[in-house]
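*Asks:* This is the content of run.txt (compact mmCIF, C-alpha atoms and all ligand atoms):
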# COMPACT_ATOMS: atom_id res chain seq x y z
CA MET A 1 54.95 72.33 -60.44
CA THR A 2 56.55 69.20 -61.87
CA ALA A 3 55.47 67.51 -65.10
CA ALA A 4 54.48 64.48 -63.03
CA MET A 5 52.14 66.65 -60.98
CA GLU A 6 50.76 68.28 -64.12
CA ASP A 7 49.65 65.03 -65.61
CA SER A 8 48.98 63.10 -62.45
CA ILE A 9 45.68 61.35 -62.77
CA ASN A 10 46.33 58.62 -60.25
CA VAL A 11 45.98 60.62 -57.09
CA LEU A 12 45.47 58.51 -53.94
CA GLU A 13 41.83 57.81 -53.30
CA ALA A 14 40.03 56.98 -50.09
CA TYR A 15 36.55 55.62 -49.65
CA PRO A 16 33.52 57.48 -51.05
CA MET A 17 30.05 57.93 -49.57
CA LYS A 18 27.84 54.91 -48.85
CA GLY A 19 26.47 53.73 -52.21
CA GLY A 20 23.22 52.01 -53.18
CA ASP A 21 19.81 53.33 -52.29
CA GLY A 22 19.21 51.40 -49.05
CA PRO A 23 18.22 53.03 -45.76
CA ASP A 24 21.86 53.78 -44.78
CA SER A 25 22.90 55.08 -48.22
CA TYR A 26 24.12 58.60 -48.93
CA ALA A 27 21.32 58.95 -51.48
CA LYS A 28 18.81 58.53 -48.64
CA ASN A 29 20.78 60.48 -46.04
CA SER A 30 21.92 63.69 -47.65
CA ILE A 31 19.08 66.09 -46.98
CA GLU A 32 21.38 68.08 -44.70
CA GLN A 33 23.70 68.68 -47.65
CA LYS A 34 20.73 69.65 -49.86
CA VAL A 35 19.97 72.46 -47.42
CA VAL A 36 23.26 74.04 -48.49
CA VAL A 37 22.50 73.60 -52.21
CA ASP A 38 19.15 75.35 -51.64
CA ALA A 39 20.60 78.05 -49.41
CA THR A 40 23.23 79.02 -51.99
CA LYS A 41 20.94 78.88 -55.02
CA GLU A 42 20.31 82.62 -55.06
CA LEU A 43 24.00 83.45 -54.63
CA LEU A 44 24.84 81.06 -57.46
CA SER A 45 22.29 82.67 -59.80
CA LYS A 46 23.50 86.15 -58.90
CA ALA A 47 27.12 85.13 -59.48
CA ILE A 48 26.23 83.70 -62.89
CA LYS A 49 24.29 86.83 -63.80
CA GLU A 50 27.15 89.11 -62.82
CA LYS A 51 30.24 87.09 -63.69
CA LEU A 52 29.46 84.81 -66.62
CA GLU A 53 31.14 85.82 -69.87
CA LEU A 54 28.69 84.92 -72.61
CA ASP A 55 31.30 85.30 -75.33
CA MET A 56 33.71 82.76 -73.84
CA PHE A 57 34.83 79.85 -76.00
CA LEU A 58 32.36 76.94 -76.04
CA PRO A 59 33.96 73.65 -77.08
CA PHE A 60 31.83 72.18 -79.94
CA ASN A 61 29.40 75.05 -79.34
CA THR A 62 28.43 73.25 -76.12
CA PHE A 63 28.52 74.69 -72.63
CA HIS A 64 30.49 72.24 -70.49
CA ILE A 65 29.66 71.93 -66.78
CA ALA A 66 31.41 69.64 -64.29
CA ASP A 67 30.20 68.87 -60.76
CA LEU A 68 33.16 67.61 -58.74
CA GLY A 69 32.48 65.34 -55.76
CA CYS A 70 28.98 64.75 -57.14
CA SER A 71 28.47 61.60 -55.02
CA VAL A 72 25.44 59.45 -55.81
CA GLY A 73 22.76 62.10 -55.97
CA PRO A 74 20.24 63.50 -55.75
CA ASN A 75 21.87 66.79 -54.61
CA THR A 76 24.13 66.98 -57.65
CA PHE A 77 21.03 67.01 -59.91
CA PHE A 78 19.63 69.99 -58.00
CA SER A 79 22.96 71.82 -58.25
CA VAL A 80 23.17 71.16 -61.97
CA GLU A 81 19.56 72.30 -62.52
CA ASN A 82 20.29 75.53 -60.63
CA ILE A 83 23.38 76.19 -62.76
CA LEU A 84 21.60 75.39 -66.00
CA GLU A 85 18.59 77.53 -65.22
CA ALA A 86 20.77 80.55 -64.46
CA VAL A 87 23.13 80.09 -67.42
CA LYS A 88 20.26 79.57 -69.87
CA PHE A 89 18.52 82.65 -68.54
CA GLU A 90 21.62 84.70 -69.25
CA TYR A 91 21.93 83.44 -72.83
CA GLN A 92 18.18 83.93 -73.36
CA SER A 93 18.07 87.44 -72.01
CA LYS A 94 21.27 88.72 -73.58
CA GLY A 95 21.34 87.07 -76.99
CA PRO A 96 18.99 85.77 -79.69
CA SER A 97 17.49 82.42 -78.66
CA SER A 98 19.22 80.69 -81.56
CA GLU A 99 22.45 81.24 -79.65
CA ILE A 100 21.49 79.18 -76.62
CA PRO A 101 24.13 76.46 -76.54
CA LYS A 102 23.70 72.78 -75.87
CA PHE A 103 24.79 71.62 -72.42
CA GLN A 104 27.09 68.76 -71.48
CA VAL A 105 27.29 67.86 -67.79
CA PHE A 106 30.11 65.80 -66.32
CA PHE A 107 29.36 64.14 -62.99
CA SER A 108 32.69 63.46 -61.34
CA ASP A 109 33.71 61.65 -58.17
CA LYS A 110 36.18 59.04 -56.99
CA THR A 111 36.32 55.84 -58.98
CA LEU A 112 34.67 53.86 -56.17
CA ASN A 113 31.66 56.20 -56.12
CA ASP A 114 28.43 54.35 -56.92
CA PHE A 115 27.99 55.74 -60.44
CA ASN A 116 25.36 53.07 -61.21
CA ILE A 117 23.00 54.53 -58.64
CA LEU A 118 23.80 58.04 -59.82
CA PHE A 119 22.94 57.21 -63.43
CA ASN A 120 19.89 55.24 -62.37
CA TYR A 121 18.39 58.39 -60.89
CA LEU A 122 19.39 60.82 -63.65
CA PRO A 123 16.38 63.10 -64.21
CA GLN A 124 14.33 61.73 -67.11
CA ASN A 125 13.41 65.16 -68.41
CA ARG A 126 16.92 66.63 -68.39
CA ASN A 127 17.99 69.09 -71.03
CA TYR A 128 21.63 68.14 -71.07
CA TYR A 129 23.97 65.38 -72.15
CA ALA A 130 25.30 63.51 -69.12
CA ALA A 131 28.59 61.71 -68.57
CA GLY A 132 30.46 60.30 -65.58
CA VAL A 133 34.11 61.09 -64.93
CA PRO A 134 35.86 58.90 -62.35
CA GLY A 135 38.93 60.17 -60.51
CA SER A 136 40.20 62.47 -57.82
CA PHE A 137 39.68 66.19 -58.22
CA TYR A 138 43.21 66.67 -56.90
CA GLY A 139 44.48 65.41 -60.25
CA ARG A 140 43.67 66.03 -63.91
CA LEU A 141 40.19 64.96 -65.01
CA PHE A 142 39.59 66.82 -68.30
CA PRO A 143 41.47 67.94 -71.41
CA LYS A 144 43.01 71.40 -71.52
CA ALA A 145 40.61 74.38 -71.72
CA SER A 146 37.53 72.19 -72.07
CA ILE A 147 35.24 73.15 -69.15
CA ASN A 148 33.24 76.38 -68.92
CA PHE A 149 31.86 75.94 -65.44
CA PHE A 150 33.15 73.90 -62.50
CA HIS A 151 31.02 73.35 -59.45
CA SER A 152 31.59 71.51 -56.19
CA SER A 153 29.50 71.39 -53.03
CA LEU A 154 30.70 70.17 -49.63
CA ALA A 155 33.51 68.03 -51.01
CA LEU A 156 36.76 69.96 -50.81
CA HIS A 157 37.18 69.62 -47.05
CA TRP A 158 38.18 65.99 -47.82
CA LEU A 159 41.93 65.79 -48.07
CA SER A 160 43.63 63.51 -50.57
CA ARG A 161 45.10 61.58 -47.63
CA VAL A 162 45.71 61.65 -43.88
CA PRO A 163 48.85 63.77 -43.38
CA LYS A 164 51.80 61.36 -43.14
CA ASP A 165 53.30 62.78 -39.92
CA VAL A 166 50.06 62.31 -38.03
CA MET A 167 50.48 58.54 -38.44
CA ASP A 168 54.23 58.46 -37.80
CA LYS A 169 55.05 57.24 -34.28
CA ASN A 170 58.38 59.05 -34.45
CA SER A 171 56.91 62.39 -35.38
CA ARG A 172 55.89 65.12 -32.95
CA ALA A 173 52.64 65.22 -34.91
CA TRP A 174 51.76 61.60 -34.08
CA ASN A 175 48.06 61.72 -33.21
CA LYS A 176 47.83 58.85 -30.74
CA GLY A 177 44.38 58.25 -29.28
CA ARG A 178 42.66 60.89 -31.38
CA ILE A 179 41.20 60.89 -34.85
CA HIS A 180 41.54 64.56 -35.86
CA TYR A 181 43.29 67.82 -35.00
CA SER A 182 40.26 69.06 -33.17
CA ASN A 183 41.83 69.80 -29.81
CA ASN A 184 44.36 72.01 -31.47
CA GLN A 185 47.53 70.14 -30.71
CA ASP A 186 49.83 72.45 -32.67
CA GLU A 187 51.89 69.93 -34.58
CA VAL A 188 48.87 67.89 -35.65
CA LEU A 189 47.04 70.98 -36.82
CA LYS A 190 50.11 72.14 -38.76
CA ALA A 191 50.35 68.77 -40.52
CA TYR A 192 46.69 69.02 -41.57
CA GLN A 193 47.12 72.64 -42.67
CA SER A 194 50.05 71.85 -44.91
CA GLN A 195 48.28 68.82 -46.42
CA TYR A 196 45.29 71.06 -47.19
CA ALA A 197 47.46 73.73 -48.80
CA GLU A 198 49.23 71.10 -50.92
CA ASP A 199 45.93 69.51 -51.99
CA MET A 200 44.28 72.82 -52.87
CA GLU A 201 47.35 73.77 -54.87
CA CYS A 202 46.94 70.56 -56.91
CA PHE A 203 43.20 71.20 -57.27
CA LEU A 204 43.68 74.74 -58.57
CA HIS A 205 46.57 73.78 -60.81
CA ALA A 206 44.52 71.04 -62.50
CA ARG A 207 41.44 73.28 -62.81
CA ALA A 208 43.52 76.13 -64.22
CA LEU A 209 44.57 73.87 -67.08
CA GLU A 210 41.06 72.56 -67.65
CA THR A 211 38.99 75.76 -67.41
CA VAL A 212 38.24 77.76 -70.55
CA HIS A 213 39.57 81.33 -70.24
CA GLY A 214 36.83 83.40 -68.63
CA GLY A 215 35.23 80.24 -67.23
CA LEU A 216 34.00 80.03 -63.64
CA ILE A 217 34.56 77.81 -60.63
CA VAL A 218 31.83 77.96 -57.98
CA LEU A 219 32.44 76.18 -54.67
CA ASN A 220 30.47 75.60 -51.49
CA LEU A 221 33.16 74.75 -48.97
CA LEU A 222 32.75 73.52 -45.45
CA GLY A 223 35.00 75.78 -43.42
CA LEU A 224 35.41 78.15 -40.56
CA PRO A 225 34.82 81.92 -40.29
CA ASN A 226 37.99 84.03 -40.13
CA ASP A 227 39.48 84.50 -36.65
CA ILE A 228 37.70 81.53 -35.10
CA PRO A 229 40.16 78.94 -33.73
CA GLN A 230 39.94 75.44 -35.12
CA SER A 231 39.11 74.21 -31.60
CA HIS A 232 35.70 75.88 -32.01
CA HIS A 233 34.73 74.12 -35.20
CA LEU A 234 31.28 72.58 -35.00
CA ILE A 235 32.01 69.44 -36.99
CA GLY A 236 35.61 68.96 -35.91
CA ASN A 237 34.87 69.54 -32.25
CA LEU A 238 31.53 67.94 -31.94
CA ALA A 239 30.79 65.29 -34.58
CA ILE A 240 34.38 64.13 -35.18
CA ASP A 241 35.35 64.41 -31.51
CA ILE A 242 32.34 62.33 -30.52
CA LEU A 243 33.17 59.73 -33.15
CA GLY A 244 36.73 59.62 -31.77
CA SER A 245 35.53 59.18 -28.19
CA CYS A 246 33.19 56.36 -29.30
CA LEU A 247 36.13 54.56 -30.92
CA VAL A 248 38.31 55.06 -27.83
CA GLU A 249 35.51 53.70 -25.65
CA MET A 250 35.09 50.65 -27.90
CA ALA A 251 38.86 50.07 -27.74
CA ARG A 252 38.74 50.30 -23.94
CA LYS A 253 36.04 47.62 -23.93
CA GLY A 254 38.19 45.45 -26.19
CA VAL A 255 35.79 45.56 -29.15
CA ILE A 256 38.45 47.06 -31.40
CA SER A 257 42.20 47.39 -30.95
CA GLN A 258 43.74 50.55 -29.48
CA GLU A 259 46.44 50.35 -32.14
CA LYS A 260 43.82 50.66 -34.87
CA VAL A 261 42.33 53.69 -33.16
CA ASP A 262 45.79 55.25 -32.89
CA SER A 263 46.38 54.81 -36.61
CA PHE A 264 42.93 56.08 -37.68
CA ASN A 265 42.50 59.74 -38.59
CA MET A 266 39.79 61.62 -40.44
CA PRO A 267 41.24 63.08 -43.65
CA CYS A 268 39.36 66.37 -43.58
CA TYR A 269 40.21 70.00 -42.93
CA PHE A 270 38.01 73.05 -42.48
CA ALA A 271 39.72 76.13 -43.89
CA SER A 272 38.96 79.80 -43.31
CA PRO A 273 38.36 82.35 -46.11
CA GLN A 274 41.75 83.93 -45.30
CA GLU A 275 43.60 80.66 -45.77
CA LEU A 276 41.83 80.06 -49.05
CA GLU A 277 42.56 83.50 -50.36
CA VAL A 278 46.29 82.99 -49.83
CA ILE A 279 46.18 79.68 -51.72
CA VAL A 280 44.19 81.13 -54.64
CA GLU A 281 46.55 84.07 -54.90
CA ARG A 282 49.61 81.83 -54.82
CA ASN A 283 48.17 79.82 -57.71
CA GLY A 284 47.70 83.03 -59.67
CA CYS A 285 45.50 81.68 -62.50
CA PHE A 286 42.13 82.85 -61.14
CA SER A 287 40.65 86.14 -60.08
CA THR A 288 38.69 85.89 -56.85
CA GLU A 289 35.24 87.23 -57.66
CA ILE A 290 33.55 86.17 -54.40
CA LEU A 291 35.01 84.48 -51.32
CA GLU A 292 32.91 84.80 -48.22
CA ALA A 293 31.83 82.80 -45.20
CA LEU A 294 28.05 82.67 -45.13
CA PRO A 295 26.49 83.30 -41.74
CA GLN A 296 25.19 80.09 -40.21
CA HIS A 297 21.58 81.22 -40.45
CA VAL A 298 22.03 81.63 -44.23
CA SER A 299 23.77 78.33 -44.95
CA LYS A 300 21.67 76.55 -42.31
CA HIS A 301 24.42 73.96 -42.03
CA GLY A 302 24.61 72.28 -38.64
CA THR A 303 25.82 69.21 -36.78
CA PRO A 304 25.46 66.05 -38.88
CA SER A 305 22.89 63.62 -37.48
CA ALA A 306 23.94 60.00 -36.84
CA PRO A 307 22.46 58.64 -40.13
CA THR A 308 24.08 61.40 -42.22
CA PHE A 309 27.43 61.03 -40.50
CA ARG A 310 27.27 57.27 -40.94
CA ALA A 311 26.55 57.56 -44.69
CA ILE A 312 29.57 59.87 -45.00
CA THR A 313 32.09 57.96 -42.88
CA GLU A 314 31.01 54.34 -43.15
CA GLY A 315 33.46 53.48 -45.94
CA LEU A 316 36.45 54.89 -44.05
CA ILE A 317 35.48 53.19 -40.81
CA THR A 318 34.81 49.83 -42.45
CA GLN A 319 38.19 49.96 -44.13
CA GLN A 320 39.96 50.34 -40.76
CA PHE A 321 37.75 48.46 -38.29
CA GLY A 322 35.46 46.18 -40.32
CA GLU A 323 31.74 46.61 -40.86
CA GLU A 324 30.66 44.59 -37.83
CA ILE A 325 31.21 47.56 -35.50
CA LEU A 326 29.05 50.01 -37.49
CA ASP A 327 25.66 49.54 -35.78
CA ASP A 328 27.08 49.72 -32.25
CA LEU A 329 29.40 52.58 -33.13
CA PHE A 330 26.66 54.77 -34.54
CA SER A 331 24.15 54.02 -31.80
CA LEU A 332 26.83 55.10 -29.31
CA TYR A 333 27.46 58.18 -31.49
CA GLN A 334 23.75 59.00 -31.47
CA GLN A 335 23.62 58.68 -27.67
CA LYS A 336 26.69 60.87 -27.11
CA LEU A 337 25.48 63.43 -29.64
CA GLU A 338 22.20 63.79 -27.74
CA GLU A 339 24.11 64.23 -24.46
CA GLN A 340 26.44 66.86 -25.90
CA ILE A 341 24.24 68.68 -28.39
CA SER A 342 24.02 71.74 -26.12
CA ILE A 343 27.74 72.37 -26.83
CA ALA A 344 26.81 73.00 -30.48
CA GLU A 345 25.73 76.54 -29.59
CA SER A 346 29.26 77.51 -28.64
CA LYS A 347 30.76 76.06 -31.84
CA LYS A 348 31.04 77.60 -35.28
CA SER A 349 31.00 76.34 -38.81
CA ALA A 350 30.62 78.13 -42.10
CA VAL A 351 29.84 77.38 -45.66
CA ILE A 352 32.32 79.39 -47.66
CA PHE A 353 30.93 80.51 -50.99
CA VAL A 354 33.63 80.94 -53.61
CA VAL A 355 33.50 82.20 -57.18
CA LEU A 356 36.75 82.16 -59.18
CA LYS A 357 37.21 83.27 -62.77
CA ARG A 358 39.94 81.85 -65.01
CA LYS A 359 42.23 84.68 -66.01
CA THR A 360 42.83 85.09 -69.70
CA ASN A 361 46.61 85.17 -69.50
C1 LIG A 401 29.59 65.02 -48.64
S1 LIG A 401 29.69 64.44 -50.26
C2 LIG A 401 28.92 65.78 -51.14
C3 LIG A 401 28.23 65.28 -52.36
C4 LIG A 401 27.39 66.28 -53.11
N1 LIG A 401 28.20 67.30 -53.72
C5 LIG A 401 26.31 66.85 -52.25
O1 LIG A 401 26.24 68.09 -52.13
O2 LIG A 401 25.50 66.09 -51.72
C6 LIG A 401 31.40 64.65 -50.70
C7 LIG A 401 31.77 63.95 -51.98
O3 LIG A 401 33.09 64.34 -52.34
C8 LIG A 401 33.74 63.21 -52.87
N2 LIG A 401 35.19 63.40 -52.79
C9 LIG A 401 35.95 63.51 -51.69
N3 LIG A 401 37.24 63.62 -52.03
C10 LIG A 401 37.28 63.56 -53.38
C11 LIG A 401 38.34 63.61 -54.33
N4 LIG A 401 39.61 63.74 -53.96
N5 LIG A 401 38.01 63.53 -55.65
C12 LIG A 401 36.72 63.41 -56.05
N6 LIG A 401 35.69 63.36 -55.19
C13 LIG A 401 35.97 63.43 -53.87
C14 LIG A 401 33.26 62.06 -52.01
O4 LIG A 401 33.47 60.81 -52.65
C15 LIG A 401 31.79 62.44 -51.86
O5 LIG A 401 31.01 61.85 -52.86
Kindly return the structure encoded in the file as structure tokens.

*Replies:*
Amino acid sequence: MTAAMEDSINVLEAYPMKGGDGPDSYAKNSIEQKVVVDATKELLSKAIKEKLELDMFLPFNTFHIADLGCSVGPNTFFSVENILEAVKFEYQSKGPSSEIPKFQVFFSDKTLNDFNILFNYLPQNRNYYAAGVPGSFYGRLFPKASINFFHSSLALHWLSRVPKDVMDKNSRAWNKGRIHYSNNQDEVLKAYQSQYAEDMECFLHARALETVHGGLIVLNLLGLPNDIPQSHHLIGNLAIDILGSCLVEMARKGVISQEKVDSFNMPCYFASPQELEVIVERNGCFSTEILEALPQHVSKHGTPSAPTFRAITEGLITQQFGEEILDDLFSLYQQKLEEQISIAESKKSAVIFVVLKRKTN
């Protein structure tokens, strides 16, 4: 790892979720993501009970928590409450109450995230100090050994960028007429896989520097069960494919240019537990305490509805095609989703629950 990488804070940033608190905002259209926060609450508490080291170093006698990819709320507040409840319980039940630390929570997302809305809705009765940290989680966000507990839910499938080759007309990976690797064209998939591996390497490298020894990282990742081909992924091969076909149809009708469709790709990748394990091991700074794909009935994560998918992708789409196409695009998406929803049964998706502990040497 180069020194430049070590200190890189200015990692490329794409568009965040739809801000504000209007009807199309992420704040009003993220109930589907809350289902995952709720479904993993018990696993999170159990992991904290079994893995938290109560004698780890607390900077300023304060337990530091960071939620990465917090977006605009309210899900991040639920995640933080779940963490706090479980951590406090451990301190309460294993030590004298005078030893319960203070809590500092860092809400972190890309600089363009709507932090005003986030702070506007901060719970009034919170028992923690709150701060916002802007920047990409693929770069450094915090000082060395300063965070006791990192958390991130449904954010790390976003790559730092669209893989370069996918947009290069002279490359075998050029993804003309499609917006993702979903149909398993080998070269395109390989380009996404190597971008993901590179990004996760940066993520783990930065977190390894920032996590207190013995500290934990807990992640809910949107991925794929082991041994299921990428062509069977529920989101890649239903939601993203449908979005792609809507864009192609609009280009055919002359509403948008074909060239813009050819140069538009979704910067996301859905990894399997096996792929993740290799990356964590290569990094070497964390022990893998838990890394498992939750069965779909446990995570209850399904196909994103049109309003949710719009709140997630609107920024990216506006950047490429302008905002005037949004209403038509998503009503077409809604229509196609209804026509094709029966395919969902044959597709797979998984929330991968990960607990990593920072090694002490
Ligand atoms: C689907 S939202 C999930 C938000 C929240 N954790 C939840 O459960 O509702 C994904 C979030 O990850 C953020 N994100 C994506 N890539 C990021 C990056 N490189 N650095 C920081 N945040 C990122 C997005 O801006 C977005 O707010």

*Asks:* Name each residue within 7 Å of ligand LIG 401 (chain A), counting all atoms listed in the file, as a PyMOL selection string.

*Replies:* chain A and resi 13+15-17+30+33-34+37+68-73+75-76+108-110+113+135-138+152-156+158-160+312

*Asks:* Would you save the residues of that selection, restricted to C-alpha atoms, as a PDB file, keeping the file's coordinate frame?

*Replies:*
ATOM      1  CA  GLU A  13      41.830  57.810 -53.300  1.00  0.00           C
ATOM      2  CA  TYR A  15      36.550  55.620 -49.650  1.00  0.00           C
ATOM      3  CA  PRO A  16      33.520  57.480 -51.050  1.00  0.00           C
ATOM      4  CA  MET A  17      30.050  57.930 -49.570  1.00  0.00           C
ATOM      5  CA  SER A  30      21.920  63.690 -47.650  1.00  0.00           C
ATOM      6  CA  GLN A  33      23.700  68.680 -47.650  1.00  0.00           C
ATOM      7  CA  LYS A  34      20.730  69.650 -49.860  1.00  0.00           C
ATOM      8  CA  VAL A  37      22.500  73.600 -52.210  1.00  0.00           C
ATOM      9  CA  LEU A  68      33.160  67.610 -58.740  1.00  0.00           C
ATOM     10  CA  GLY A  69      32.480  65.340 -55.760  1.00  0.00           C
ATOM     11  CA  CYS A  70      28.980  64.750 -57.140  1.00  0.00           C
ATOM     12  CA  SER A  71      28.470  61.600 -55.020  1.00  0.00           C
ATOM     13  CA  VAL A  72      25.440  59.450 -55.810  1.00  0.00           C
ATOM     14  CA  GLY A  73      22.760  62.100 -55.970  1.00  0.00           C
ATOM     15  CA  ASN A  75      21.870  66.790 -54.610  1.00  0.00           C
ATOM     16  CA  THR A  76      24.130  66.980 -57.650  1.00  0.00           C
ATOM     17  CA  SER A 108      32.690  63.460 -61.340  1.00  0.00           C
ATOM     18  CA  ASP A 109      33.710  61.650 -58.170  1.00  0.00           C
ATOM     19  CA  LYS A 110      36.180  59.040 -56.990  1.00  0.00           C
ATOM     20  CA  ASN A 113      31.660  56.200 -56.120  1.00  0.00           C
ATOM     21  CA  GLY A 135      38.930  60.170 -60.510  1.00  0.00           C
ATOM     22  CA  SER A 136      40.200  62.470 -57.820  1.00  0.00           C
ATOM     23  CA  PHE A 137      39.680  66.190 -58.220  1.00  0.00           C
ATOM     24  CA  TYR A 138      43.210  66.670 -56.900  1.00  0.00           C
ATOM     25  CA  SER A 152      31.590  71.510 -56.190  1.00  0.00           C
ATOM     26  CA  SER A 153      29.500  71.390 -53.030  1.00  0.00           C
ATOM     27  CA  LEU A 154      30.700  70.170 -49.630  1.00  0.00           C
ATOM     28  CA  ALA A 155      33.510  68.030 -51.010  1.00  0.00           C
ATOM     29  CA  LEU A 156      36.760  69.960 -50.810  1.00  0.00           C
ATOM     30  CA  TRP A 158      38.180  65.990 -47.820  1.00  0.00           C
ATOM     31  CA  LEU A 159      41.930  65.790 -48.070  1.00  0.00           C
ATOM     32  CA  SER A 160      43.630  63.510 -50.570  1.00  0.00           C
ATOM     33  CA  ILE A 312      29.570  59.870 -45.000  1.00  0.00           C
TER      34      ILE A 312
END

*Asks:* Which residues are close to Ile147 (chain A), i.e. within 12 Å by all atoms listed in the file, leaving aside same-chain residues fewer than 5 positions away? Reply as a PyMOL selection string.

*Replies:* chain A and resi 56-68+103-106+141-142+206-217+358

*Asks:* Report as an MDAnalysis selection string all protein, DNA and RNA residues lying within 12 Å of region 175-190 of chain A, evaluated on only C-alpha atoms, omitting residues in the same chain fewer than 6 positions from it.

*Replies:* chainID A and resid 162:169 196:197 229:249 251:252 257:271 316:317 347

*Asks:* Between CA of Ser349 (chain A) and CA of Gln334 (chain A), measure the distance and give it in Å to one decimal.

*Replies:*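 These two atoms are separated by 20.2 Å.
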
*Asks:* Set out as a tab-separated table a contact list for region 182-263 of chain A and region 41-46 of chain A with a cut-off of 10 Å, giving each residue of region 182-263 of chain A that qualifies its closest atom pair and distance in Å to one decimal, counting only C-alpha atoms, ordered by chain and rising residue number.

*Replies:*
residue	atom	partner	partner_atom	distance
A:Val218	CA	A:Leu44	CA	7.7
A:Leu219	CA	A:Leu44	CA	9.5
A:Asn220	CA	A:Leu44	CA	9.9

*Asks:* What is the distance between CA of Phe107 (chain A) and CA of Leu224 (chain A), in Å to one decimal?

*Replies:*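 Computing the Euclidean distance for CA of Phe107 (chain A) and CA of Leu224 (chain A) yields 27.1 Å.
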
*Asks:* Which residue, A:Ile31, A:Thr360, A:Arg172, A:Ser346, has the smallest gap to Ala145 (chain A) when you use all atoms listed in the file?

*Replies:* A:Thr360

*Asks:* Just checking: using all atoms listed in the file, which residue out of A:Arg310, A:Leu294, A:Leu118, A:Lys51 ends up closest to Pro23 (chain A)?

*Replies:*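 Smallest distance to Pro23 (chain A) is found for A:Arg310.
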
*Asks:* Quote the spacing between CA of Gly139 (chain A) and CA of Arg282 (chain A) in Å to one decimal place.

*Replies:*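 Here the two named atoms are 18.0 Å from each other.
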